[in-house]
Amino acid sequence: MRIVYSLIFSLLFVFITIPVCATTDLQQLIEDSEEGATLQLSSGTYEGNFSINKSITIVADEGVIFKPKEIDEPIITIIGAKDVSIQGLQFVTQGTGVEIKDSEKVQLSDITMTNVNSGIGIYRSKNIDIQNISVTGNDRHYSKKGNGIAAFNSANLIVKNNKFYKVQDGIYIENVKGAIVENNKVEDSRYGTHFMYSEDVQAVRNEYVKNVTGLMIMMTKNVTLEQNDVSYQDGFNGTGITLYEVENIDIKDHIISGNRVAISIQKTTGVHIINNILQMNQTAVESIKSDHTNLVEKNYFVGNLVNVRSDMNGIDLKENYYDDYSGIDIDEDGVGEDSYVALQSFGQWMVRKPVYQYYVEAPSVVLLNEIDKQTNKAAKQLLVDETPKTTFETEKNIQFEIHLSQLIVGLVLVIGCLAIWRRSVLS
């Protein structure tokens, strides 16, 4: 019977929530707790660098703040643990918030990190779930700060409903098999999401705004990108989505707006770009040293300076809508009778010399593009869409961003011009 009572007591202890106040030696309490215990932290500031190597749940009341004693060490290190859950903390540090090493089944949720160098690091771990995390970095250059979340040599990650601001990369994933990146927002960082040497990964319904590049995919295979909003990436090399040595990737149902290049395909095979809105970009799609059978299908090219450009390998175009298509649809089936030829001499030159982008609306370039339209009518070579769409579906909404300051300046200029014109007429 003594053994039975001991087992019952142990099981009850696992499910008991232990209240903890800020004056408690939290590290000692973690070490003394049984496997599976729950610690309920009351409001206050907890200072230290804490290590977790067992199954435990830490739940914080509102107003719980964690600060490090050693700024060069993570505030929390989870190492060799299984079944760990941490909820509701606020981290204030110029170093790293959390590191997870050689662990399994770890869940982090409802955590805020401010002024950090890096948020969460994951190493050699699997089944990691990170949700509702907010990470704000500092004002240093991208090269001198860390990532919002960085995962290495791991498997089965879920990164969902998080926000990242002023970090190097919002979500950096290297040598990971199986990752879901969903409904996150990354702003004012280098790359929004960066996949490298990974497999079976997906990024769905994320928002990437004013980064250098929204999605950077390198040396990765079996990728799904779907319903992301990739808009207004900044800088001379800014792109919405960049693919480099990628195998098998689907890019569908995106809105990609206001970037220097919306989608850049480099040394890549097995690309399927379908049902995206590519609008108001300098170049919508570029292909360099890639498989000519990569397919761009049923997309909408609207308001771009250059719709498609490539090197001599070309790219397969099929059933896309182009706002500069000048053909007609005699039988009214929604498909133009003439082919659309996207080949532009100047677009090809920009592939080789990106600095040429600054001359894109020069009079000589405009004239060259008009000459291309005439000579390409008979062309049957690169960048030809034999079945161009002639209708823009009404449910496809083109998004425009209104900048209040620019609108006010524009209105003032218009009113001023009207006043000057009226004065000159009356005089």
# chains A, B, ... in the order shown; residues from 1 in each chain; ligands from 1

$ residues_around --residues "Ser154 of chain A" --least-positions-apart "5" --cutoff "7 Å" --atoms "only C-alpha atoms" --output "PyMOL selection string"
chain A and resi 123-126+175-177

$ residues_around --residues "Gly97 of chain A" --least-positions-apart "3" --cutoff "12 Å" --atoms "only C-alpha atoms" --output "VMD selection string"
chain A and resid 48 to 50 65 to 68 70 to 78 89 to 94 100 108 111 to 122 133 to 137 146 to 150

$ closest_residue --among "A:Ile158, A:Ile251, A:Val285, A:Val384" --to "Ile171 of chain A" --atoms "only C-alpha atoms"
A:Ile158

$ closest_residue --among "A:Gly270, A:Gln233, A:Thr239, A:Glu187" --to "Lys221 of chain A" --atoms "only C-alpha atoms"
A:Gly270

$ residues_around --residues "Gln279 of chain A" --least-positions-apart "6" --cutoff "9 Å" --atoms "only C-alpha atoms" --output "number ranges by chain"
A: 255-259, 262, 300-304, 398-399

$ residues_around --residues "Thr24 of chain A" --least-positions-apart "2" --cutoff "12 Å" --atoms "only C-alpha atoms" --output "list in words"
Ile18, Pro19, Val20, Cys21, Ala22, Leu26, Gln27, Gln28, Leu29, Ile30, Leu39, Gln40, Leu41, Ser42, Gly44, Thr45, Tyr46, Glu47 and Gly48 of chain A

$ write_last_selection --atoms "N, CA and C atoms" --output "PDB file, in the first residue's frame"
ATOM      1  N   ILE A  18       2.333  25.166  -8.907  1.00  0.00           N
ATOM      2  CA  ILE A  18       3.112  25.728  -7.809  1.00  0.00           C
ATOM      3  C   ILE A  18       3.202  27.231  -7.992  1.00  0.00           C
ATOM      4  N   PRO A  19       2.673  28.026  -7.066  1.00  0.00           N
ATOM      5  CA  PRO A  19       2.781  29.485  -7.184  1.00  0.00           C
ATOM      6  C   PRO A  19       4.201  29.944  -6.892  1.00  0.00           C
ATOM      7  N   VAL A  20       4.668  30.929  -7.665  1.00  0.00           N
ATOM      8  CA  VAL A  20       6.041  31.406  -7.529  1.00  0.00           C
ATOM      9  C   VAL A  20       6.029  32.919  -7.534  1.00  0.00           C
ATOM     10  N   CYS A  21       6.780  33.544  -6.618  1.00  0.00           N
ATOM     11  CA  CYS A  21       6.909  34.998  -6.618  1.00  0.00           C
ATOM     12  C   CYS A  21       8.311  35.386  -7.053  1.00  0.00           C
ATOM     13  N   ALA A  22       8.512  36.677  -7.362  1.00  0.00           N
ATOM     14  CA  ALA A  22       9.765  37.130  -7.959  1.00  0.00           C
ATOM     15  C   ALA A  22      10.957  36.974  -7.025  1.00  0.00           C
ATOM     16  N   LEU A  26      14.255  30.946  -8.628  1.00  0.00           N
ATOM     17  CA  LEU A  26      13.532  30.213  -9.666  1.00  0.00           C
ATOM     18  C   LEU A  26      14.345  29.044 -10.208  1.00  0.00           C
ATOM     19  N   GLN A  27      15.640  29.232 -10.371  1.00  0.00           N
ATOM     20  CA  GLN A  27      16.466  28.136 -10.892  1.00  0.00           C
ATOM     21  C   GLN A  27      16.443  26.939  -9.949  1.00  0.00           C
ATOM     22  N   GLN A  28      16.551  27.211  -8.653  1.00  0.00           N
ATOM     23  CA  GLN A  28      16.529  26.115  -7.687  1.00  0.00           C
ATOM     24  C   GLN A  28      15.170  25.422  -7.688  1.00  0.00           C
ATOM     25  N   LEU A  29      14.118  26.206  -7.825  1.00  0.00           N
ATOM     26  CA  LEU A  29      12.777  25.629  -7.858  1.00  0.00           C
ATOM     27  C   LEU A  29      12.590  24.740  -9.088  1.00  0.00           C
ATOM     28  N   ILE A  30      13.114  25.185 -10.228  1.00  0.00           N
ATOM     29  CA  ILE A  30      13.044  24.358 -11.443  1.00  0.00           C
ATOM     30  C   ILE A  30      13.758  23.035 -11.217  1.00  0.00           C
ATOM     31  N   LEU A  39       4.697  25.661 -12.956  1.00  0.00           N
ATOM     32  CA  LEU A  39       5.056  26.807 -12.130  1.00  0.00           C
ATOM     33  C   LEU A  39       4.246  28.006 -12.579  1.00  0.00           C
ATOM     34  N   GLN A  40       3.523  28.612 -11.650  1.00  0.00           N
ATOM     35  CA  GLN A  40       2.712  29.806 -11.932  1.00  0.00           C
ATOM     36  C   GLN A  40       3.448  31.016 -11.378  1.00  0.00           C
ATOM     37  N   LEU A  41       3.998  31.862 -12.280  1.00  0.00           N
ATOM     38  CA  LEU A  41       4.789  33.005 -11.853  1.00  0.00           C
ATOM     39  C   LEU A  41       3.905  34.212 -11.621  1.00  0.00           C
ATOM     40  N   SER A  42       4.015  34.813 -10.440  1.00  0.00           N
ATOM     41  CA  SER A  42       3.266  36.029 -10.153  1.00  0.00           C
ATOM     42  C   SER A  42       4.005  37.237 -10.697  1.00  0.00           C
ATOM     43  N   GLY A  44       6.104  40.463 -11.498  1.00  0.00           N
ATOM     44  CA  GLY A  44       7.365  40.913 -10.932  1.00  0.00           C
ATOM     45  C   GLY A  44       8.495  40.711 -11.919  1.00  0.00           C
ATOM     46  N   THR A  45       9.702  41.115 -11.525  1.00  0.00           N
ATOM     47  CA  THR A  45      10.888  40.986 -12.371  1.00  0.00           C
ATOM     48  C   THR A  45      11.748  39.842 -11.868  1.00  0.00           C
ATOM     49  N   TYR A  46      12.050  38.901 -12.748  1.00  0.00           N
ATOM     50  CA  TYR A  46      12.875  37.734 -12.430  1.00  0.00           C
ATOM     51  C   TYR A  46      14.207  37.913 -13.150  1.00  0.00           C
ATOM     52  N   GLU A  47      15.272  37.955 -12.387  1.00  0.00           N
ATOM     53  CA  GLU A  47      16.590  38.204 -12.972  1.00  0.00           C
ATOM     54  C   GLU A  47      17.430  36.945 -12.887  1.00  0.00           C
ATOM     55  N   GLY A  48      18.001  36.554 -14.012  1.00  0.00           N
ATOM     56  CA  GLY A  48      18.844  35.364 -14.019  1.00  0.00           C
ATOM     57  C   GLY A  48      18.965  34.775 -15.407  1.00  0.00           C
TER      58      GLY A  48
END

$ closest_residue --among "A:Met312, A:Val306, A:Val341, A:Leu383" --to "Ser326 of chain A" --atoms "only C-alpha atoms"
A:Val341

$ residues_around --residues "Asp385 of chain A" --least-positions-apart "3" --cutoff "9 Å" --atoms "only C-alpha atoms" --output "ChimeraX atom specification"
/A:316-320,339-342,388

$ residues_around --residues "segment 56-59 of chain A" --least-positions-apart "3" --cutoff "8 Å" --atoms "only C-alpha atoms" --output "NGL selection string"
:A and (35-41 or 83-89)

$ atom_distance --atom1 "atom CA of Glu199 of chain A" --atom2 "atom CA of Gly238 of chain A"
24.9 Å

$ closest_residue --among "A:Gln282, A:Asn161, A:Gln266, A:Ser231" --to "Asp129 of chain A" --atoms "only C-alpha atoms"
A:Asn161

$ residues_around --residues "Gly314 of chain A" --least-positions-apart "2" --cutoff "9 Å" --atoms "only C-alpha atoms" --output "PyMOL selection string"
chain A and resi 287-294+309-312+316+381-383

$ write_last_selection --atoms "C-alpha atoms" --output "CSV table (one decimal), in the first residue's frame"
chain,number,residue,atom,x,y,z
A,287,SER,CA,14.7,34.2,-64.5
A,288,ILE,CA,18.5,33.7,-64.6
A,289,LYS,CA,20.3,30.4,-65.4
A,290,SER,CA,17.2,28.4,-64.7
A,291,ASP,CA,15.2,25.7,-66.3
A,292,HIS,CA,13.2,27.0,-69.3
A,293,THR,CA,10.3,24.7,-68.3
A,294,ASN,CA,9.6,26.6,-65.1
A,309,ARG,CA,12.7,39.1,-68.3
A,310,SER,CA,15.2,36.3,-68.6
A,311,ASP,CA,18.5,35.2,-70.0
A,312,MET,CA,18.7,32.9,-73.1
A,316,ASP,CA,7.4,29.0,-69.9
A,381,GLN,CA,11.4,32.7,-79.3
A,382,LEU,CA,11.8,33.5,-75.6
A,383,LEU,CA,9.1,34.6,-73.2

$ closest_residue --among "A:Val212, A:Ala155, A:Lys101, A:Phe164" --to "Tyr142 of chain A" --atoms "only C-alpha atoms"
A:Val212

$ select_by_dssp --residues "segment 184-393 of chain A" --states "alpha helix (DSSP H)" --output "PyMOL selection string"
chain A and resi 345-352+363-375
